[in-house]
>>> print(open('data_14.txt').read())   # compact mmCIF, C-alpha atoms and all ligand atoms
# COMPACT_ATOMS: atom_id res chain seq x y z
CA MET A 1 21.24 24.49 27.50
CA THR A 2 21.36 20.97 28.88
CA ALA A 3 24.69 19.52 29.93
CA ARG A 4 24.39 16.55 27.63
CA ALA A 5 24.94 16.68 23.87
CA TYR A 6 23.63 13.79 21.79
CA ASP A 7 25.18 12.42 18.62
CA VAL A 8 21.71 12.40 17.08
CA ILE A 9 18.39 14.04 17.99
CA VAL A 10 15.43 12.34 16.32
CA ILE A 11 12.36 14.58 16.11
CA GLY A 12 9.14 12.59 15.76
CA GLY A 13 8.05 9.41 17.53
CA GLY A 14 6.10 7.91 14.64
CA ILE A 15 7.18 4.58 13.22
CA VAL A 16 9.86 6.21 11.06
CA GLY A 17 11.48 8.23 13.86
CA ALA A 18 11.19 5.28 16.23
CA ALA A 19 12.86 2.90 13.79
CA CYS A 20 15.62 5.46 13.13
CA ALA A 21 16.23 5.86 16.87
CA VAL A 22 16.68 2.10 17.40
CA GLU A 23 19.05 1.89 14.48
CA CYS A 24 21.08 4.85 15.78
CA ALA A 25 21.28 3.24 19.24
CA ALA A 26 22.30 -0.10 17.69
CA ALA A 27 25.13 1.75 15.92
CA LYS A 28 26.29 3.00 19.35
CA LEU A 29 25.27 6.58 18.69
CA SER A 30 23.89 8.51 21.66
CA VAL A 31 20.37 9.45 20.68
CA ALA A 32 17.42 11.49 21.94
CA ILE A 33 13.87 11.02 20.66
CA ILE A 34 11.55 14.01 20.93
CA GLU A 35 7.82 13.55 20.35
CA ALA A 36 5.34 16.42 20.55
CA ARG A 37 2.24 14.39 21.42
CA MET A 38 2.30 10.60 21.82
CA ILE A 39 4.42 7.81 20.39
CA GLY A 40 2.88 6.44 17.19
CA GLY A 41 -0.05 8.84 17.37
CA GLY A 42 0.38 10.58 13.98
CA ALA A 43 -0.01 8.93 10.56
CA THR A 44 1.32 5.78 12.21
CA ALA A 45 -1.90 5.39 14.20
CA ALA A 46 -4.04 6.23 11.17
CA GLY A 47 -2.42 3.81 8.71
CA MET A 48 -3.41 0.31 7.68
CA GLY A 49 -0.24 -1.52 8.61
CA HIS A 50 0.10 -3.44 5.37
CA LEU A 51 3.75 -4.49 4.86
CA VAL A 52 3.75 -4.67 1.11
CA VAL A 53 6.20 -4.94 -1.76
CA MET A 54 5.22 -2.40 -4.43
CA ASP A 55 6.65 -1.79 -7.88
CA ASP A 56 5.50 1.65 -9.02
CA SER A 57 9.19 2.33 -9.66
CA GLU A 58 12.41 0.36 -9.32
CA ALA A 59 13.39 2.49 -6.33
CA GLN A 60 10.06 1.87 -4.62
CA PHE A 61 10.43 -1.84 -5.22
CA ALA A 62 14.00 -1.87 -3.87
CA LEU A 63 13.05 -0.09 -0.64
CA THR A 64 9.82 -1.99 0.01
CA ARG A 65 11.47 -5.33 -0.72
CA TYR A 66 14.50 -4.52 1.46
CA SER A 67 12.20 -3.41 4.27
CA GLN A 68 9.95 -6.42 3.99
CA VAL A 69 12.95 -8.73 4.43
CA LEU A 70 13.96 -6.71 7.53
CA TRP A 71 10.42 -7.07 8.94
CA SER A 72 10.40 -10.81 8.39
CA GLU A 73 13.80 -11.11 10.09
CA LEU A 74 12.39 -9.19 13.06
CA GLN A 75 9.06 -11.01 13.34
CA ASP A 76 10.06 -13.39 16.16
CA GLU A 77 11.18 -10.47 18.33
CA LEU A 78 7.96 -8.47 17.90
CA PRO A 79 5.60 -8.52 20.90
CA GLN A 80 2.05 -9.88 20.51
CA THR A 81 0.71 -6.32 20.57
CA VAL A 82 2.26 -5.71 17.15
CA GLU A 83 -0.10 -8.40 15.72
CA TYR A 84 2.32 -9.46 12.98
CA ASP A 85 0.28 -11.58 10.58
CA ALA A 86 1.85 -13.13 7.49
CA CYS A 87 -1.49 -13.18 5.67
CA GLY A 88 -0.10 -12.26 2.24
CA THR A 89 -1.65 -9.96 -0.34
CA ILE A 90 -3.90 -10.78 -3.28
CA TRP A 91 -3.93 -8.14 -6.01
CA VAL A 92 -7.40 -8.65 -7.46
CA ALA A 93 -7.89 -8.40 -11.25
CA ALA A 94 -11.43 -7.56 -12.32
CA ASP A 95 -10.98 -8.12 -16.07
CA ASP A 96 -8.57 -9.23 -18.79
CA GLU A 97 -6.81 -5.86 -18.88
CA GLU A 98 -6.01 -6.20 -15.18
CA MET A 99 -4.97 -9.86 -15.73
CA ALA A 100 -2.36 -8.54 -18.18
CA GLU A 101 -1.07 -6.39 -15.31
CA VAL A 102 -1.07 -9.47 -13.05
CA ARG A 103 1.22 -11.23 -15.52
CA ARG A 104 3.51 -8.22 -15.85
CA LYS A 105 3.75 -7.99 -12.08
CA GLN A 106 4.33 -11.74 -11.81
CA ARG A 107 7.31 -11.54 -14.20
CA TYR A 108 8.79 -8.52 -12.45
CA TYR A 109 8.44 -9.89 -8.91
CA SER A 110 9.68 -13.36 -9.91
CA ASP A 111 12.70 -11.94 -11.74
CA CYS A 112 13.54 -10.03 -8.54
CA GLY A 113 13.21 -13.12 -6.35
CA VAL A 114 9.81 -12.42 -4.75
CA ALA A 115 7.56 -15.49 -4.61
CA VAL A 116 4.22 -14.87 -6.33
CA GLU A 117 1.41 -17.01 -7.65
CA VAL A 118 -1.05 -16.19 -10.43
CA LEU A 119 -4.63 -17.10 -9.51
CA ASP A 120 -7.26 -17.74 -12.17
CA GLU A 121 -10.95 -17.07 -11.63
CA ARG A 122 -11.50 -20.37 -9.82
CA SER A 123 -8.45 -20.29 -7.58
CA LEU A 124 -9.24 -16.69 -6.62
CA ALA A 125 -12.75 -17.77 -5.58
CA GLU A 126 -11.28 -20.65 -3.57
CA ALA A 127 -8.77 -18.36 -1.89
CA GLU A 128 -11.38 -15.73 -0.97
CA PRO A 129 -14.94 -17.12 -1.20
CA ASN A 130 -16.57 -13.79 -0.27
CA LEU A 131 -15.33 -12.05 -3.42
CA ARG A 132 -18.00 -11.58 -6.07
CA PRO A 133 -18.10 -14.25 -8.79
CA GLY A 134 -16.75 -13.41 -12.22
CA LEU A 135 -13.53 -11.64 -11.25
CA ALA A 136 -10.73 -12.51 -13.68
CA GLY A 137 -8.14 -13.63 -11.12
CA GLY A 138 -5.29 -12.19 -9.12
CA LEU A 139 -1.72 -12.29 -7.94
CA ARG A 140 -0.90 -13.72 -4.52
CA VAL A 141 2.21 -12.31 -2.82
CA ALA A 142 2.63 -14.67 0.11
CA GLY A 143 5.50 -12.75 1.75
CA ASP A 144 3.44 -9.61 2.44
CA SER A 145 2.07 -9.19 5.94
CA VAL A 146 0.15 -6.96 8.32
CA ILE A 147 1.00 -5.30 11.64
CA TYR A 148 -0.58 -2.92 14.14
CA PRO A 149 1.65 0.13 13.57
CA PRO A 150 1.32 2.20 16.79
CA CYS A 151 2.45 -0.76 18.88
CA ALA A 152 5.38 -1.31 16.53
CA ALA A 153 6.41 2.33 17.05
CA GLN A 154 6.07 1.88 20.82
CA PHE A 155 8.18 -1.29 20.68
CA PHE A 156 10.93 0.47 18.70
CA VAL A 157 11.01 3.37 21.15
CA GLU A 158 11.23 1.01 24.13
CA ARG A 159 14.04 -0.86 22.40
CA ALA A 160 15.90 2.38 21.71
CA VAL A 161 15.52 3.40 25.36
CA GLU A 162 16.83 -0.03 26.50
CA ARG A 163 19.86 0.72 24.34
CA GLY A 164 20.41 4.05 26.02
CA ALA A 165 18.24 6.52 24.08
CA ALA A 166 16.75 9.48 25.97
CA LEU A 167 13.02 9.98 25.46
CA PHE A 168 11.11 13.27 25.60
CA VAL A 169 7.36 12.92 25.06
CA GLY A 170 4.87 15.80 25.06
CA GLN A 171 7.65 18.21 24.10
CA PRO A 172 7.15 19.86 20.71
CA VAL A 173 10.30 21.06 18.97
CA ALA A 174 9.89 24.74 18.09
CA ALA A 175 12.95 25.06 15.88
CA VAL A 176 16.14 23.40 14.74
CA THR A 177 19.09 25.55 15.82
CA ARG A 178 22.82 25.61 15.11
CA GLU A 179 23.44 23.60 18.30
CA GLY A 180 20.54 21.15 18.11
CA VAL A 181 16.89 21.92 18.82
CA ARG A 182 14.87 24.41 20.82
CA LEU A 183 11.73 23.06 22.47
CA ARG A 184 8.50 25.01 22.68
CA ASP A 185 8.97 25.43 26.45
CA GLY A 186 12.14 27.42 25.72
CA SER A 187 14.66 24.75 26.73
CA SER A 188 17.25 23.36 24.32
CA LEU A 189 18.92 20.05 23.50
CA ALA A 190 22.33 19.93 21.89
CA GLY A 191 23.09 17.42 19.18
CA GLY A 192 25.60 16.75 16.44
CA LEU A 193 22.91 15.76 13.96
CA VAL A 194 19.17 16.32 13.94
CA VAL A 195 16.78 13.95 12.16
CA ASN A 196 13.50 15.46 11.02
CA ALA A 197 11.12 12.47 11.12
CA THR A 198 7.92 14.43 11.63
CA GLY A 199 6.05 13.10 8.58
CA SER A 200 3.42 15.51 7.31
CA TRP A 201 4.64 18.13 9.84
CA SER A 202 8.20 18.05 8.47
CA PRO A 203 7.99 21.33 6.47
CA GLU A 204 7.28 23.17 9.74
CA LEU A 205 10.80 22.38 10.96
CA THR A 206 12.49 22.40 7.54
CA PRO A 207 10.90 25.36 5.74
CA GLY A 208 10.61 25.01 1.98
CA LEU A 209 10.51 21.21 2.10
CA ASN A 210 8.21 20.00 -0.65
CA VAL A 211 6.17 17.51 1.37
CA LYS A 212 2.40 17.76 0.99
CA LYS A 213 -0.42 16.26 3.00
CA ARG A 214 -2.46 13.57 1.31
CA LYS A 215 -5.57 12.75 3.28
CA GLY A 216 -6.84 9.19 3.63
CA HIS A 217 -9.92 7.59 5.21
CA LEU A 218 -10.29 4.14 6.75
CA VAL A 219 -13.26 2.25 8.19
CA ILE A 220 -13.16 -0.65 10.66
CA THR A 221 -15.89 -3.24 11.17
CA ASP A 222 -17.01 -5.32 14.08
CA ARG A 223 -15.39 -8.77 14.48
CA TYR A 224 -15.99 -11.27 11.67
CA PRO A 225 -13.25 -13.90 12.00
CA ARG A 226 -12.43 -15.84 8.82
CA PHE A 227 -14.43 -13.51 6.55
CA LEU A 228 -11.11 -12.91 4.75
CA ARG A 229 -7.73 -14.65 4.68
CA HIS A 230 -5.55 -12.17 2.79
CA GLN A 231 -5.15 -8.44 2.42
CA LEU A 232 -7.04 -7.75 -0.82
CA VAL A 233 -6.19 -4.82 -3.07
CA GLU A 234 -7.78 -4.05 -6.42
CA LEU A 235 -5.30 -3.63 -9.25
CA GLY A 236 -7.07 -0.38 -10.04
CA TYR A 237 -5.49 0.84 -6.75
CA LEU A 238 -2.30 1.45 -8.69
CA LYS A 239 -4.07 3.88 -11.03
CA SER A 240 -5.60 5.81 -8.14
CA ALA A 241 -2.41 5.85 -6.05
CA HIS A 242 -0.55 7.29 -9.07
CA SER A 243 -2.76 10.32 -9.48
CA VAL A 244 -1.24 13.38 -7.82
CA THR A 245 -4.19 15.70 -8.22
CA ALA A 246 -7.55 13.91 -8.40
CA ASP A 247 -9.30 12.55 -5.31
CA SER A 248 -9.66 8.79 -5.53
CA VAL A 249 -10.91 5.72 -3.72
CA ALA A 250 -9.82 2.14 -4.28
CA PHE A 251 -10.76 -1.22 -2.82
CA ASN A 252 -8.24 -2.29 -0.20
CA ILE A 253 -9.24 -4.47 2.76
CA GLN A 254 -7.38 -6.19 5.52
CA PRO A 255 -8.28 -8.97 7.98
CA ARG A 256 -7.09 -7.95 11.47
CA ARG A 257 -5.96 -10.43 14.12
CA THR A 258 -8.99 -9.30 16.15
CA GLY A 259 -11.34 -10.59 13.43
CA GLN A 260 -12.14 -7.04 12.38
CA LEU A 261 -11.92 -5.88 8.78
CA LEU A 262 -10.05 -2.69 8.02
CA ILE A 263 -11.41 -1.09 4.86
CA GLY A 264 -9.55 1.50 2.79
CA SER A 265 -8.77 3.66 1.18
CA SER A 266 -9.03 7.15 -0.19
CA ARG A 267 -6.53 9.77 -1.36
CA GLN A 268 -7.18 13.50 -1.34
CA TYR A 269 -4.81 16.40 -2.01
CA GLY A 270 -5.12 19.94 -0.75
CA VAL A 271 -7.44 19.07 2.15
CA GLU A 272 -6.28 20.42 5.50
CA ASN A 273 -9.38 19.47 7.48
CA GLY A 274 -8.90 16.10 9.16
CA GLY A 275 -12.62 15.44 9.66
CA VAL A 276 -14.31 12.30 8.34
CA GLU A 277 -16.18 13.12 5.10
CA SER A 278 -19.25 10.97 4.70
CA SER A 279 -19.21 11.35 0.90
CA VAL A 280 -15.72 9.82 0.77
CA VAL A 281 -16.61 7.03 3.20
CA THR A 282 -19.73 6.23 1.16
CA ARG A 283 -17.69 5.99 -2.07
CA MET A 284 -15.08 3.83 -0.37
CA LEU A 285 -17.61 1.41 1.07
CA ALA A 286 -19.53 1.21 -2.21
CA ARG A 287 -16.29 0.25 -3.97
CA ALA A 288 -15.54 -2.40 -1.34
CA ILE A 289 -19.06 -3.84 -1.63
CA GLU A 290 -18.65 -4.11 -5.42
CA TYR A 291 -15.87 -6.61 -4.72
CA LEU A 292 -17.28 -8.19 -1.55
CA PRO A 293 -21.10 -8.03 -1.78
CA SER A 294 -21.68 -9.64 1.64
CA LEU A 295 -19.65 -6.88 3.28
CA GLY A 296 -22.81 -4.79 3.00
CA LYS A 297 -24.44 -6.94 5.72
CA LEU A 298 -21.66 -6.34 8.26
CA SER A 299 -21.46 -3.57 10.84
CA ALA A 300 -18.91 -0.78 10.64
CA LEU A 301 -17.74 0.54 14.00
CA ARG A 302 -15.65 3.58 13.25
CA ALA A 303 -14.14 5.71 10.50
CA TRP A 304 -11.07 7.93 10.77
CA THR A 305 -8.62 9.86 8.67
CA GLY A 306 -4.89 10.45 8.51
CA PHE A 307 -2.43 12.44 6.43
CA ARG A 308 0.23 10.80 4.31
CA ALA A 309 3.37 12.87 3.75
CA ALA A 310 3.74 12.99 -0.02
CA THR A 311 6.76 13.99 -2.13
CA VAL A 312 6.66 14.91 -5.82
CA ASP A 313 8.17 11.62 -7.01
CA LYS A 314 6.43 9.41 -4.42
CA LEU A 315 9.71 8.33 -2.85
CA PRO A 316 10.78 9.23 0.70
CA LEU A 317 13.50 11.71 1.59
CA ILE A 318 16.30 9.92 3.45
CA GLY A 319 19.55 11.77 4.05
CA PRO A 320 21.02 15.22 4.63
CA SER A 321 18.87 18.19 3.75
CA VAL A 322 20.17 20.43 1.01
CA GLU A 323 20.21 23.56 3.17
CA ASP A 324 21.96 22.13 6.22
CA GLU A 325 23.89 18.88 6.15
CA ARG A 326 23.56 18.50 9.93
CA VAL A 327 19.81 18.10 9.45
CA PHE A 328 18.91 14.69 8.11
CA LEU A 329 15.46 14.04 6.68
CA ALA A 330 13.48 10.83 7.16
CA THR A 331 10.11 11.86 5.83
CA GLY A 332 7.82 11.82 2.77
CA HIS A 333 6.85 8.14 3.01
CA GLU A 334 3.29 8.71 1.64
CA GLY A 335 1.32 5.44 1.85
CA LEU A 336 4.27 3.15 2.55
CA GLY A 337 5.94 4.46 5.70
CA ILE A 338 4.95 1.52 7.88
CA THR A 339 6.53 -0.87 5.39
CA THR A 340 9.60 1.23 4.63
CA SER A 341 10.36 2.44 8.18
CA LEU A 342 12.96 -0.30 8.69
CA GLY A 343 14.72 0.22 5.37
CA THR A 344 14.67 3.98 5.97
CA ALA A 345 16.34 3.56 9.36
CA LYS A 346 19.11 1.40 7.89
CA LEU A 347 19.77 3.80 4.99
CA LEU A 348 19.77 6.81 7.32
CA VAL A 349 22.28 5.31 9.73
CA ASP A 350 24.39 3.95 6.85
CA GLN A 351 24.89 7.59 5.85
CA ILE A 352 25.54 8.81 9.39
CA VAL A 353 28.17 6.20 10.26
CA LYS A 354 29.39 5.82 6.67
CA ARG A 355 28.49 2.14 6.26
CA GLU A 356 28.00 0.45 2.91
CA PRO A 357 24.22 0.42 2.24
CA ALA A 358 22.46 -2.78 1.16
CA ILE A 359 20.63 -0.94 -1.64
CA SER A 360 21.48 2.20 -3.58
CA LEU A 361 20.88 5.40 -1.57
CA GLU A 362 20.64 7.72 -4.56
CA PRO A 363 16.89 7.52 -5.32
CA TYR A 364 16.02 8.66 -1.79
CA LEU A 365 18.53 11.45 -1.22
CA PRO A 366 16.81 14.81 -0.58
CA ALA A 367 19.17 16.52 -3.08
CA ARG A 368 17.33 14.81 -5.96
CA VAL A 369 14.26 17.05 -5.56
CA SER A 370 15.95 20.30 -4.58
C1 LIG A 401 -5.16 6.06 5.57
C2 LIG A 401 -3.71 5.63 5.56
C3 LIG A 401 -3.38 4.30 5.31
C4 LIG A 401 -2.04 3.90 5.29
N1 LIG A 401 -1.76 2.58 5.10
C5 LIG A 401 -0.45 2.18 5.10
C6 LIG A 401 -0.13 0.80 4.91
O1 LIG A 401 -1.01 -0.06 4.82
N2 LIG A 401 1.19 0.45 4.83
C7 LIG A 401 2.19 1.37 4.94
O2 LIG A 401 3.36 0.99 4.83
N3 LIG A 401 1.91 2.68 5.18
C8 LIG A 401 0.62 3.09 5.24
N4 LIG A 401 0.31 4.41 5.42
C9 LIG A 401 1.41 5.37 5.53
C10 LIG A 401 2.00 5.38 6.91
O3 LIG A 401 0.98 5.44 7.88
C11 LIG A 401 2.95 6.57 7.05
O4 LIG A 401 3.82 6.65 5.93
C12 LIG A 401 3.79 6.43 8.31
O5 LIG A 401 2.99 6.24 9.45
C13 LIG A 401 4.64 7.67 8.49
O6 LIG A 401 5.29 7.57 9.73
P1 LIG A 401 6.10 8.81 10.30
O7 LIG A 401 6.77 8.34 11.52
O8 LIG A 401 6.92 9.40 9.19
O9 LIG A 401 4.99 9.92 10.57
P2 LIG A 401 3.97 10.06 11.80
O10 LIG A 401 3.45 8.76 12.25
O11 LIG A 401 2.98 11.10 11.39
O12 LIG A 401 4.88 10.60 12.96
C14 LIG A 401 5.37 11.92 13.00
C15 LIG A 401 5.46 12.29 14.46
O13 LIG A 401 6.10 13.56 14.58
C16 LIG A 401 5.51 14.23 15.67
N5 LIG A 401 5.79 15.66 15.53
C17 LIG A 401 5.32 16.51 14.60
N6 LIG A 401 5.82 17.74 14.79
C18 LIG A 401 6.63 17.66 15.86
C19 LIG A 401 7.45 18.62 16.55
N7 LIG A 401 7.51 19.90 16.15
N8 LIG A 401 8.17 18.20 17.61
C20 LIG A 401 8.15 16.91 18.01
N9 LIG A 401 7.38 15.96 17.40
C21 LIG A 401 6.65 16.33 16.34
C22 LIG A 401 4.04 13.90 15.53
O14 LIG A 401 3.34 14.12 16.75
C23 LIG A 401 4.08 12.45 15.11
O15 LIG A 401 3.99 11.54 16.20
C24 LIG A 401 -1.02 4.85 5.50
C25 LIG A 401 -1.34 6.17 5.77
C26 LIG A 401 -2.67 6.57 5.83
C27 LIG A 401 -3.00 7.99 6.15
>>> encode(input="data_14.txt", output="structure tokens")
Amino acid sequence: MTARAYDVIVIGGGIVGAACAVECAAAKLSVAIIEARMIGGGATAAGMGHLVVMDDSEAQFALTRYSQVLWSELQDELPQTVEYDACGTIWVAADDEEMAEVRRKQRYYSDCGVAVEVLDERSLAEAEPNLRPGLAGGLRVAGDSVIYPPCAAQFFVERAVERGAALFVGQPVAAVTREGVRLRDGSSLAGGLVVNATGSWSPELTPGLNVKKRKGHLVITDRYPRFLRHQLVELGYLKSAHSVTADSVAFNIQPRRTGQLLIGSSRQYGVENGGVESSVVTRMLARAIEYLPSLGKLSALRAWTGFRAATVDKLPLIGPSVEDERVFLATGHEGLGITTSLGTAKLLVDQIVKREPAISLEPYLPARVS
């Protein structure tokens, strides 16, 4: 047993654990961060880094919107390495049915105070000249942005350490104990509360937790500056992201600060193997080329995969676990954990120090799915 006992032990140095650690330190809690491998090396390194407001449910909208405001407040403090780029999103509508969805989304976002702009066929073509002609239009959400997630996680960890956090890297936690945690090397750390922020690994430390892996592929191209101006997402993405059983691909592409294009994305359930599957990559690229025909002439450099941590209702778990109220969960962020890391950290620490939260906690409490 070490001499020191922490108020909070955060397990997992992905973007969620890192953001939670900074928020704990800012609330004057003594905190330890324990990461098994490397900071930001899990799903955080695999993800796209799109900071996006989404409205699959009111709760999802509330958390993504809250988080996006927190990101924009933080933008001037982020180092260059985080590559914060306020490029905005265009949700691309292929036909009249999808234009109806554009208008529904426009009303919802506007009513909730998010600035959006409906684009017709011509203004969409002006906004993104490389899109194929004949698309119906789109919805521009100017407040969305893009970051490079592993460097954001690194920045949060460094900030937490500046504020007094202890950092243990390369030290897998073997088990959560009554006193804190036991590391795989046999040593222990004592803590009042333990935060399980290990993403798709979280059921290993909290047995019975209903968090499943959802595999995703991404492809990155060589540098083609100014090929795109916005993150583009097909409206059909919503249909594919909703499915909880079928494998799916949807057109989703992002201009990186480097000039590279990051092309997504796929969703697969029940796949444990993290290898790149050429059949999935082929489907994903074919879908992207349907929208951006000239993409077919560009060079792809690399493809990779990652696992999203998915819950049954597609909302994260933020708060005390049902089995042990000293173990807080900050996991299950599926495809939105980069965006919602900051909101998650606030809501987690609100519960720990009993502050009034800015948005309702209820939809994210682990007890809802027990
Ligand atoms: C293809 C893809 C695209 C995505 N695109 C986006 C996007 O555009 N926007 C968005 O908002 N989100 C996106 N996401 C989702 C986002 O990447 C995740 O929700 C987010 O990274 C989750 O962060 P995390 O910190 O919870 O998990 P992770 O980043 O996986 O971190 C968990 C950490 O816990 C550590 N760990 C595990 N077990 C232990 C242990 N026993 N002891 C100590 N440490 C341990 C791991 O090593 C890891 O570093 C995407 C995900 C994928 C796969």
>>> atom_distance(input="data_14.txt", atom1="atom CA of His333 of chain A", atom2="atom C19 of ligand LIG 401 (chain A)")
17.1 Å
>>> axis_aligned_box(input="data_14.txt", around="ligand LIG 401 (chain A)", padding_each_side="5 Å", output="JSON")
{"center_x": 1.5, "center_y": 9.9, "center_z": 11.4, "size_x": 23.3, "size_y": 30.0, "size_z": 23.2}
>>> residues_near_point(input="data_14.txt", point="(-1.1, -9.9, -1.1)", cutoff="9 Å", atoms="all atoms listed in the file", output="MDAnalysis selection string")
chainID A and resid 52:53 87:91 116 139:145 230:233
>>> closest_residue(input="data_14.txt", among="A:Pro225, A:Gly164, A:Pro149, A:Gly47", to="ligand LIG 401 (chain A)", atoms="all atoms listed in the file")
A:Gly47
>>> closest_residue(input="data_14.txt", among="A:Thr221, A:Ser341, A:Ser123, A:Asn273", to="Pro255 of chain A", atoms="all atoms listed in the file")
A:Thr221
>>> closest_residue(input="data_14.txt", among="A:Glu234, A:Glu334, A:Glu356, A:Glu158", to="ligand LIG 401 (chain A)", atoms="all atoms listed in the file")
A:Glu334
>>> closest_residue(input="data_14.txt", among="A:Thr340, A:Val219, A:Val169, A:Thr177", to="Val157 of chain A", atoms="all atoms listed in the file")
A:Val169
>>> closest_residue(input="data_14.txt", among="A:Val69, A:Val327, A:Ala62, A:Ala300", to="Val8 of chain A", atoms="only C-alpha atoms")
A:Val327
>>> build_atoms(input="data_14.txt", residues="segment 15-21 of chain A", atoms="all heavy atoms", output="PDB file, in the frame of the given file")
ATOM      1  N   ILE A  15       6.435   5.835  13.472  1.00  0.00           N
ATOM      2  CA  ILE A  15       7.180   4.580  13.220  1.00  0.00           C
ATOM      3  C   ILE A  15       8.519   4.856  12.551  1.00  0.00           C
ATOM      4  O   ILE A  15       9.499   4.143  12.808  1.00  0.00           O
ATOM      5  CB  ILE A  15       6.321   3.579  12.410  1.00  0.00           C
ATOM      6  CG1 ILE A  15       6.921   2.182  12.545  1.00  0.00           C
ATOM      7  CG2 ILE A  15       6.167   4.000  10.950  1.00  0.00           C
ATOM      8  CD1 ILE A  15       5.968   1.065  12.242  1.00  0.00           C
ATOM      9  N   VAL A  16       8.603   5.934  11.756  1.00  0.00           N
ATOM     10  CA  VAL A  16       9.860   6.210  11.060  1.00  0.00           C
ATOM     11  C   VAL A  16      10.912   6.716  12.056  1.00  0.00           C
ATOM     12  O   VAL A  16      12.034   6.193  12.114  1.00  0.00           O
ATOM     13  CB  VAL A  16       9.644   7.204   9.898  1.00  0.00           C
ATOM     14  CG1 VAL A  16      10.979   7.652   9.315  1.00  0.00           C
ATOM     15  CG2 VAL A  16       8.771   6.566   8.813  1.00  0.00           C
ATOM     16  N   GLY A  17      10.544   7.716  12.867  1.00  0.00           N
ATOM     17  CA  GLY A  17      11.480   8.230  13.860  1.00  0.00           C
ATOM     18  C   GLY A  17      11.887   7.149  14.850  1.00  0.00           C
ATOM     19  O   GLY A  17      13.067   7.036  15.232  1.00  0.00           O
ATOM     20  N   ALA A  18      10.909   6.338  15.251  1.00  0.00           N
ATOM     21  CA  ALA A  18      11.190   5.280  16.230  1.00  0.00           C
ATOM     22  C   ALA A  18      12.177   4.263  15.662  1.00  0.00           C
ATOM     23  O   ALA A  18      13.132   3.853  16.339  1.00  0.00           O
ATOM     24  CB  ALA A  18       9.890   4.602  16.643  1.00  0.00           C
ATOM     25  N   ALA A  19      11.955   3.863  14.418  1.00  0.00           N
ATOM     26  CA  ALA A  19      12.860   2.900  13.790  1.00  0.00           C
ATOM     27  C   ALA A  19      14.256   3.509  13.630  1.00  0.00           C
ATOM     28  O   ALA A  19      15.272   2.827  13.841  1.00  0.00           O
ATOM     29  CB  ALA A  19      12.308   2.463  12.427  1.00  0.00           C
ATOM     30  N   CYS A  20      14.314   4.788  13.274  1.00  0.00           N
ATOM     31  CA  CYS A  20      15.620   5.460  13.130  1.00  0.00           C
ATOM     32  C   CYS A  20      16.350   5.512  14.479  1.00  0.00           C
ATOM     33  O   CYS A  20      17.574   5.321  14.541  1.00  0.00           O
ATOM     34  CB  CYS A  20      15.441   6.885  12.587  1.00  0.00           C
ATOM     35  SG  CYS A  20      14.901   6.931  10.870  1.00  0.00           S
ATOM     36  N   ALA A  21      15.610   5.769  15.540  1.00  0.00           N
ATOM     37  CA  ALA A  21      16.230   5.860  16.870  1.00  0.00           C
ATOM     38  C   ALA A  21      16.839   4.518  17.276  1.00  0.00           C
ATOM     39  O   ALA A  21      17.944   4.466  17.808  1.00  0.00           O
ATOM     40  CB  ALA A  21      15.198   6.322  17.889  1.00  0.00           C
TER      41      ALA A  21
END
